[in-house]
>>> print(open('run24.txt').read())   # compact mmCIF, C-alpha atoms
# COMPACT_ATOMS: atom_id res chain seq x y z
CA MET A 20 -29.29 39.60 -28.98
CA ALA A 21 -29.94 43.31 -29.39
CA ARG A 22 -31.33 42.76 -32.89
CA LEU A 23 -33.71 40.06 -31.65
CA LEU A 24 -34.88 42.22 -28.75
CA GLU A 25 -35.57 45.05 -31.19
CA ALA A 26 -37.64 42.76 -33.42
CA ALA A 27 -39.58 41.19 -30.56
CA THR A 28 -40.46 44.53 -28.94
CA HIS A 29 -40.64 46.77 -32.05
CA ARG A 30 -38.21 49.17 -30.42
CA SER A 31 -35.32 51.06 -31.99
CA GLY A 32 -31.68 50.27 -31.38
CA LEU A 33 -29.85 53.29 -29.92
CA LYS A 34 -26.63 54.07 -28.07
CA ALA A 35 -26.36 55.70 -24.65
CA ALA A 36 -22.70 56.74 -24.86
CA TYR A 37 -21.54 60.31 -25.43
CA LEU A 38 -19.43 59.06 -28.34
CA MET A 39 -18.58 55.53 -29.42
CA GLY A 40 -15.40 55.24 -31.51
CA HIS A 41 -12.27 54.29 -29.58
CA ASN A 42 -13.38 55.63 -26.19
CA GLU A 43 -14.63 53.70 -23.21
CA GLN A 44 -18.37 53.39 -23.77
CA ASN A 45 -19.53 54.82 -20.47
CA ILE A 46 -23.16 55.91 -20.24
CA ASP A 47 -23.95 59.55 -20.95
CA GLU A 48 -26.99 60.84 -19.07
CA LYS A 49 -28.35 62.98 -21.92
CA ALA A 50 -27.98 60.16 -24.42
CA LEU A 51 -29.61 57.77 -21.98
CA ALA A 52 -32.56 60.12 -21.51
CA ARG A 53 -33.13 60.10 -25.28
CA CYS A 54 -33.06 56.31 -25.28
CA VAL A 55 -35.69 56.20 -22.54
CA ARG A 56 -37.99 58.66 -24.33
CA LYS A 57 -37.88 56.57 -27.50
CA LEU A 58 -38.34 53.22 -25.73
CA SER A 59 -35.22 51.65 -27.18
CA VAL A 60 -32.88 48.69 -26.97
CA VAL A 61 -29.32 49.78 -26.15
CA GLN A 62 -26.29 47.64 -26.95
CA GLN A 63 -23.05 48.87 -25.42
CA HIS A 64 -19.72 47.58 -24.10
CA THR A 65 -20.30 49.15 -20.70
CA GLN A 66 -18.74 48.21 -17.40
CA GLY A 67 -20.85 48.09 -14.27
CA GLY A 68 -19.10 50.88 -12.40
CA ASP A 69 -20.97 53.01 -9.88
CA CYS A 70 -21.68 55.90 -12.26
CA ASN A 71 -23.10 53.64 -14.98
CA VAL A 72 -25.15 51.60 -12.53
CA ASN A 73 -26.49 54.72 -10.79
CA LEU A 74 -27.68 56.12 -14.13
CA LEU A 75 -29.38 52.86 -15.06
CA ALA A 76 -31.11 52.87 -11.67
CA LYS A 77 -32.15 56.52 -12.05
CA PHE A 78 -33.90 55.80 -15.35
CA HIS A 79 -35.23 52.39 -14.25
CA LEU A 80 -33.51 50.53 -17.07
CA GLN A 81 -33.05 46.78 -17.19
CA PRO A 82 -29.49 45.66 -17.97
CA ILE A 83 -28.83 42.32 -19.64
CA ILE A 84 -25.25 41.06 -19.33
CA LEU A 85 -24.12 38.83 -22.19
CA THR A 86 -21.12 36.62 -21.45
CA ARG A 87 -19.20 34.42 -23.85
CA ASN A 88 -16.56 31.72 -23.92
CA LEU A 89 -13.28 33.69 -23.71
CA PRO A 90 -11.26 31.49 -26.08
CA ASP A 91 -14.04 31.98 -28.65
CA ILE A 92 -13.91 35.74 -28.02
CA ALA A 93 -10.17 35.80 -28.74
CA ILE A 94 -10.69 34.24 -32.18
CA SER A 95 -13.69 36.46 -32.88
CA LEU A 96 -11.70 39.57 -31.97
CA LEU A 97 -8.92 38.52 -34.32
CA ASP A 98 -11.45 38.18 -37.14
CA HIS A 99 -12.98 41.54 -36.25
CA LEU A 100 -9.65 43.36 -36.34
CA HIS A 101 -8.73 41.86 -39.70
CA LEU A 102 -12.18 42.46 -41.18
CA HIS A 103 -12.19 46.16 -40.30
CA GLN A 104 -8.42 46.69 -40.53
CA HIS A 105 -8.16 48.71 -37.37
CA THR A 106 -6.49 48.06 -34.03
CA ARG A 107 -8.07 50.74 -31.87
CA ASN A 108 -11.03 50.13 -29.59
CA PRO A 109 -12.10 50.84 -26.00
CA MET A 110 -10.20 47.84 -24.62
CA ALA A 111 -6.72 48.68 -25.91
CA PHE A 112 -4.72 50.21 -28.78
CA ALA A 113 -2.57 47.70 -30.65
CA PRO A 114 0.79 48.68 -32.21
CA GLY A 115 0.59 49.95 -35.77
CA ASN A 116 2.40 46.93 -37.24
CA PHE A 117 -0.02 44.45 -35.61
CA PHE A 118 -1.14 42.99 -38.95
CA ASP A 119 2.47 42.12 -39.86
CA TRP A 120 2.81 39.78 -36.91
CA PRO A 121 2.32 35.98 -37.10
CA GLN A 122 -1.17 34.94 -36.05
CA GLU A 123 0.05 33.39 -32.79
CA GLU A 124 1.61 36.71 -31.80
CA GLN A 125 -1.60 38.56 -32.67
CA LEU A 126 -3.62 36.18 -30.51
CA ARG A 127 -1.11 36.51 -27.67
CA TRP A 128 -1.46 40.30 -27.79
CA ILE A 129 -5.28 40.04 -27.82
CA ILE A 130 -5.28 37.84 -24.74
CA TRP A 131 -2.63 39.79 -22.81
CA ALA A 132 -4.01 43.25 -23.69
CA TYR A 133 -7.76 42.85 -24.24
CA MET A 134 -8.76 40.16 -21.79
CA PRO A 135 -7.97 42.13 -18.60
CA TRP A 136 -10.68 44.57 -19.73
CA TYR A 137 -13.14 41.71 -20.09
CA PHE A 138 -12.31 40.32 -16.63
CA SER A 139 -12.87 43.81 -15.21
CA PHE A 140 -16.16 44.07 -17.13
CA TYR A 141 -17.30 40.72 -15.75
CA GLN A 142 -16.25 41.51 -12.18
CA SER A 143 -17.92 44.93 -12.26
CA TRP A 144 -21.32 43.42 -13.12
CA LYS A 145 -20.80 40.54 -10.72
CA THR A 146 -20.22 43.14 -7.99
CA ASN A 147 -22.90 45.72 -8.88
CA GLY A 148 -25.39 43.91 -11.09
CA SER A 149 -27.66 42.80 -8.26
CA ARG A 150 -28.26 46.46 -7.33
CA ILE A 151 -30.36 46.86 -10.48
CA ASN A 152 -31.49 43.27 -11.01
CA ALA A 153 -29.17 42.60 -13.96
CA LEU A 154 -30.09 39.56 -16.05
CA TRP A 155 -27.31 37.26 -17.22
CA VAL A 156 -27.29 35.45 -20.57
CA GLU A 157 -24.65 33.16 -22.05
CA PHE A 158 -23.75 33.48 -25.72
CA ASN A 159 -24.00 29.72 -26.32
CA ASP A 160 -27.61 29.75 -25.12
CA MET A 161 -28.40 32.67 -27.42
CA ILE A 162 -27.00 30.76 -30.38
CA SER A 163 -28.65 27.41 -29.62
CA ARG A 164 -32.13 28.59 -28.54
CA PRO A 165 -32.56 32.31 -29.32
CA VAL A 166 -36.37 32.39 -29.33
CA GLU A 167 -36.60 30.73 -25.93
CA VAL A 168 -33.89 32.92 -24.40
CA VAL A 169 -35.18 36.27 -25.71
CA GLY A 170 -38.78 35.33 -24.94
CA GLY A 171 -37.75 34.41 -21.40
CA LEU A 172 -35.92 37.71 -20.92
CA LEU A 173 -38.95 39.72 -21.99
CA GLN A 174 -41.19 37.67 -19.74
CA LYS A 175 -38.93 38.43 -16.77
CA MET A 176 -39.08 42.13 -17.65
CA GLY A 177 -42.87 42.06 -18.00
CA LEU A 178 -42.71 43.18 -21.63
CA PRO A 179 -44.82 41.85 -24.53
CA CYS A 180 -43.08 39.70 -27.12
CA ASP A 181 -43.99 39.53 -30.80
CA ILE A 182 -43.11 35.87 -31.15
CA LYS A 183 -43.65 35.80 -34.92
CA ALA A 184 -41.28 38.73 -35.49
CA LEU A 185 -38.79 37.13 -33.11
CA GLU A 186 -38.85 33.82 -34.95
CA GLN A 187 -38.42 35.55 -38.31
CA SER A 188 -35.45 37.50 -37.00
CA THR A 189 -33.61 34.36 -35.94
CA ASP A 190 -33.29 33.50 -39.64
CA PRO A 191 -30.45 35.64 -41.10
CA HIS A 192 -32.11 35.48 -44.52
CA ASN A 193 -35.23 37.16 -43.13
CA SER A 194 -33.71 39.63 -40.67
CA GLY A 195 -33.18 42.35 -43.28
CA LYS A 196 -30.64 44.03 -41.02
CA HIS A 197 -26.87 43.98 -41.14
CA THR A 198 -25.01 43.04 -37.98
CA ARG A 199 -21.29 43.21 -37.18
CA ILE A 200 -21.18 39.66 -35.89
CA ASN A 201 -18.58 37.74 -37.90
CA LYS A 202 -19.39 34.12 -37.06
CA GLY A 203 -22.24 33.25 -34.73
CA VAL A 204 -20.79 29.86 -33.80
CA THR A 205 -19.28 28.31 -30.72
CA GLY A 206 -16.16 26.23 -30.12
CA ARG A 207 -13.80 28.31 -32.25
CA GLY A 208 -11.49 28.88 -29.29
CA SER A 209 -10.36 25.25 -29.41
CA GLN A 210 -7.68 26.33 -31.89
CA LEU A 211 -5.90 28.43 -29.24
CA SER A 212 -2.53 27.07 -28.17
CA ALA A 213 -2.10 25.51 -24.74
CA GLU A 214 0.02 28.51 -23.70
CA LEU A 215 -2.75 31.01 -24.47
CA LYS A 216 -5.43 28.91 -22.78
CA ALA A 217 -3.19 28.63 -19.74
CA HIS A 218 -2.81 32.41 -19.57
CA LEU A 219 -6.60 32.84 -19.54
CA TRP A 220 -6.78 30.40 -16.63
CA ASP A 221 -4.02 32.32 -14.83
CA LEU A 222 -5.97 35.56 -15.29
CA ALA A 223 -8.98 33.88 -13.70
CA ASP A 224 -6.71 32.97 -10.79
CA VAL A 225 -5.64 36.61 -10.44
CA TRP A 226 -9.31 37.64 -10.30
CA LYS A 227 -10.09 34.83 -7.79
CA PHE A 228 -12.84 33.43 -10.02
CA GLY A 229 -14.46 30.23 -8.86
CA LEU A 230 -15.70 27.26 -10.86
CA GLU A 231 -19.06 28.84 -11.73
CA ASP A 232 -17.37 31.94 -13.14
CA ARG A 233 -14.89 29.86 -15.12
CA GLU A 234 -17.62 27.68 -16.58
CA ARG A 235 -19.59 30.77 -17.62
CA LEU A 236 -16.47 32.11 -19.37
CA GLY A 237 -15.57 28.79 -20.99
CA LEU A 238 -12.33 28.34 -19.08
CA GLU A 239 -11.25 24.72 -18.71
CA ARG A 240 -8.36 23.79 -16.45
CA HIS A 241 -5.18 23.64 -18.48
CA ILE A 242 -2.85 20.70 -18.23
>>> encode(input="run24.txt", output="structure tokens")
Amino acid sequence: MARLLEAATHRSGLKAAYLMGHNEQNIDEKALARCVRKLSVVQQHTQGGDCNVNLLAKFHLQPIILTRNLPDIAISLLDHLHLHQHTRNPMAFAPGNFFDWPQEEQLRWIIWAYMPWYFSFYQSWKTNGSRINALWVEFNDMISRPVEVVGGLLQKMGLPCDIKALEQSTDPHNSGKHTRINKGVTGRGSQLSAELKAHLWDLADVWKFGLEDRERLGLERHI
């Protein structure tokens, strides 16, 4: 989504964190000021806590919250860890022998350790997003109709959209820019075991999420 927004607006992609790496990607005011001066698109795994939201409000920035089917995320995270051969990120640090475990154990660890961060991320924006008119987008919509979704976002923000550049960027052969996305497809979470799907549902119970939240996060009632 960030890449398509960059193409449609002819803006640069920057980061507003002090440092990325393994740290929580909270917003740094000096970095954010640079992003504003350069009229940029910022992609960041940032929770909607008071400090982050207050900074976005101070600089009159428009947040877009991208949500995704959680079972799909679990499989995508597994791919990401194996592709880059590291187990450290802002959500959690995995044990050093993670890659020696059976795949089911790796997926269990991802869901038990990483997913609480995602539920907190979701709840933080659900709680504070309306303070700064956050826009919500679902990953499946981005995959199935990217031009319509990105064009609609820019229209809501009152920003011009270079539709030709946007359409060209939806074709990976024409984008000319590397992304870290491993598989831009949906439905991969169907391979999760019933136990792991049930745990995701139980986490949603802990967070008191209703049907709308569960549907947005791709959580079907387990049997």
>>> atom_distance(input="run24.txt", atom1="atom CA of A:Ala26", atom2="atom CA of A:Lys183")
9.3 Å
>>> residues_around(input="run24.txt", residues="stretch 107-120 of chain A", least_positions_apart="2", cutoff="10 Å", atoms="all atoms listed in the file", output="NGL selection string")
:A and (39-44 or 64-65 or 100-101 or 104-105 or 122-126 or 128-129 or 132-137)
>>> residues_near_point(input="run24.txt", point="(-32.4, 44.9, -29.5)", cutoff="12 Å", atoms="all atoms listed in the file", output="VMD selection string")
chain A and resid 20 to 34 58 to 63 82 to 83 169 172 to 173 185 188 196 198
>>> axis_aligned_box(input="run24.txt", around="stretch 57-72 of chain A", padding_each_side="5 Å", output="lines of an AutoDock Vina configuration file")
center_x = -28.5
center_y = 52.1
center_z = -18.7
size_x = 29.6
size_y = 19.0
size_z = 27.6
>>> closest_residue(input="run24.txt", among="A:Asn147, A:Gln142, A:Asn45, A:Thr86", to="A:Ala223", atoms="only C-alpha atoms")
A:Gln142
>>> closest_residue(input="run24.txt", among="A:Phe78, A:Phe138, A:Trp144, A:Trp131", to="A:Val225", atoms="only C-alpha atoms")
A:Phe138
>>> atom_distance(input="run24.txt", atom1="atom CA of A:Glu234", atom2="atom CA of A:Leu219")
12.5 Å
>>> closest_residue(input="run24.txt", among="A:Leu80, A:Val55, A:Lys227, A:Arg207", to="A:Ser139", atoms="all atoms listed in the file")
A:Lys227
>>> atom_distance(input="run24.txt", atom1="atom CA of A:Ser163", atom2="atom CA of A:Phe140")
24.3 Å
>>> decode(input="run24.txt", residues="stretch 143-169 of chain A", atoms="N, CA and C atoms", output="PDB file, in the first residue's frame")
ATOM      1  N   SER A 143      -5.413  -0.323  20.097  1.00  0.00           N
ATOM      2  CA  SER A 143      -4.946   1.053  20.292  1.00  0.00           C
ATOM      3  C   SER A 143      -5.528   1.989  19.238  1.00  0.00           C
ATOM      4  N   TRP A 144      -5.583   1.539  17.985  1.00  0.00           N
ATOM      5  CA  TRP A 144      -6.146   2.379  16.925  1.00  0.00           C
ATOM      6  C   TRP A 144      -7.666   2.414  16.980  1.00  0.00           C
ATOM      7  N   LYS A 145      -8.259   1.321  17.437  1.00  0.00           N
ATOM      8  CA  LYS A 145      -9.707   1.316  17.621  1.00  0.00           C
ATOM      9  C   LYS A 145     -10.102   2.332  18.696  1.00  0.00           C
ATOM     10  N   THR A 146      -9.255   2.470  19.709  1.00  0.00           N
ATOM     11  CA  THR A 146      -9.527   3.395  20.811  1.00  0.00           C
ATOM     12  C   THR A 146      -9.229   4.842  20.429  1.00  0.00           C
ATOM     13  N   ASN A 147      -8.076   5.084  19.793  1.00  0.00           N
ATOM     14  CA  ASN A 147      -7.612   6.455  19.567  1.00  0.00           C
ATOM     15  C   ASN A 147      -7.696   6.943  18.124  1.00  0.00           C
ATOM     16  N   GLY A 148      -7.976   6.046  17.195  1.00  0.00           N
ATOM     17  CA  GLY A 148      -7.947   6.432  15.788  1.00  0.00           C
ATOM     18  C   GLY A 148      -8.913   7.541  15.411  1.00  0.00           C
ATOM     19  N   SER A 149     -10.075   7.561  16.039  1.00  0.00           N
ATOM     20  CA  SER A 149     -11.080   8.568  15.688  1.00  0.00           C
ATOM     21  C   SER A 149     -10.636   9.976  16.073  1.00  0.00           C
ATOM     22  N   ARG A 150      -9.666  10.080  16.987  1.00  0.00           N
ATOM     23  CA  ARG A 150      -9.176  11.405  17.392  1.00  0.00           C
ATOM     24  C   ARG A 150      -8.490  12.129  16.237  1.00  0.00           C
ATOM     25  N   ILE A 151      -7.943  11.348  15.294  1.00  0.00           N
ATOM     26  CA  ILE A 151      -7.221  11.958  14.174  1.00  0.00           C
ATOM     27  C   ILE A 151      -7.752  11.414  12.836  1.00  0.00           C
ATOM     28  N   ASN A 152      -9.009  10.992  12.858  1.00  0.00           N
ATOM     29  CA  ASN A 152      -9.689  10.587  11.630  1.00  0.00           C
ATOM     30  C   ASN A 152      -8.923   9.506  10.878  1.00  0.00           C
ATOM     31  N   ALA A 153      -8.483   8.475  11.588  1.00  0.00           N
ATOM     32  CA  ALA A 153      -7.752   7.375  10.959  1.00  0.00           C
ATOM     33  C   ALA A 153      -8.641   6.663   9.948  1.00  0.00           C
ATOM     34  N   LEU A 154      -8.054   6.298   8.823  1.00  0.00           N
ATOM     35  CA  LEU A 154      -8.750   5.550   7.782  1.00  0.00           C
ATOM     36  C   LEU A 154      -8.348   4.081   7.889  1.00  0.00           C
ATOM     37  N   TRP A 155      -9.325   3.202   7.741  1.00  0.00           N
ATOM     38  CA  TRP A 155      -9.074   1.771   7.882  1.00  0.00           C
ATOM     39  C   TRP A 155      -9.153   1.093   6.510  1.00  0.00           C
ATOM     40  N   VAL A 156      -8.201   0.208   6.255  1.00  0.00           N
ATOM     41  CA  VAL A 156      -8.157  -0.544   5.000  1.00  0.00           C
ATOM     42  C   VAL A 156      -7.869  -2.002   5.324  1.00  0.00           C
ATOM     43  N   GLU A 157      -8.563  -2.909   4.642  1.00  0.00           N
ATOM     44  CA  GLU A 157      -8.311  -4.330   4.815  1.00  0.00           C
ATOM     45  C   GLU A 157      -7.397  -4.845   3.709  1.00  0.00           C
ATOM     46  N   PHE A 158      -6.461  -5.693   4.086  1.00  0.00           N
ATOM     47  CA  PHE A 158      -5.463  -6.229   3.173  1.00  0.00           C
ATOM     48  C   PHE A 158      -6.120  -6.906   1.960  1.00  0.00           C
ATOM     49  N   ASN A 159      -7.182  -7.669   2.185  1.00  0.00           N
ATOM     50  CA  ASN A 159      -7.839  -8.369   1.083  1.00  0.00           C
ATOM     51  C   ASN A 159      -8.352  -7.396   0.033  1.00  0.00           C
ATOM     52  N   ASP A 160      -8.860  -6.249   0.473  1.00  0.00           N
ATOM     53  CA  ASP A 160      -9.329  -5.235  -0.471  1.00  0.00           C
ATOM     54  C   ASP A 160      -8.163  -4.652  -1.258  1.00  0.00           C
ATOM     55  N   MET A 161      -7.033  -4.443  -0.576  1.00  0.00           N
ATOM     56  CA  MET A 161      -5.857  -3.911  -1.267  1.00  0.00           C
ATOM     57  C   MET A 161      -5.375  -4.865  -2.353  1.00  0.00           C
ATOM     58  N   ILE A 162      -5.461  -6.154  -2.081  1.00  0.00           N
ATOM     59  CA  ILE A 162      -4.993  -7.149  -3.037  1.00  0.00           C
ATOM     60  C   ILE A 162      -5.953  -7.278  -4.218  1.00  0.00           C
ATOM     61  N   SER A 163      -7.258  -7.242  -3.936  1.00  0.00           N
ATOM     62  CA  SER A 163      -8.247  -7.506  -4.989  1.00  0.00           C
ATOM     63  C   SER A 163      -8.560  -6.283  -5.849  1.00  0.00           C
ATOM     64  N   ARG A 164      -8.469  -5.080  -5.287  1.00  0.00           N
ATOM     65  CA  ARG A 164      -8.807  -3.876  -6.067  1.00  0.00           C
ATOM     66  C   ARG A 164      -7.930  -2.699  -5.617  1.00  0.00           C
ATOM     67  N   PRO A 165      -6.630  -2.790  -5.840  1.00  0.00           N
ATOM     68  CA  PRO A 165      -5.685  -1.786  -5.321  1.00  0.00           C
ATOM     69  C   PRO A 165      -5.902  -0.387  -5.879  1.00  0.00           C
ATOM     70  N   VAL A 166      -6.201  -0.274  -7.165  1.00  0.00           N
ATOM     71  CA  VAL A 166      -6.386   1.060  -7.758  1.00  0.00           C
ATOM     72  C   VAL A 166      -7.588   1.754  -7.132  1.00  0.00           C
ATOM     73  N   GLU A 167      -8.670   1.028  -6.993  1.00  0.00           N
ATOM     74  CA  GLU A 167      -9.880   1.611  -6.406  1.00  0.00           C
ATOM     75  C   GLU A 167      -9.652   2.017  -4.955  1.00  0.00           C
ATOM     76  N   VAL A 168      -8.979   1.155  -4.188  1.00  0.00           N
ATOM     77  CA  VAL A 168      -8.768   1.428  -2.769  1.00  0.00           C
ATOM     78  C   VAL A 168      -7.845   2.632  -2.566  1.00  0.00           C
ATOM     79  N   VAL A 169      -6.691   2.640  -3.246  1.00  0.00           N
ATOM     80  CA  VAL A 169      -5.746   3.744  -3.076  1.00  0.00           C
ATOM     81  C   VAL A 169      -6.337   5.040  -3.623  1.00  0.00           C
TER      82      VAL A 169
END
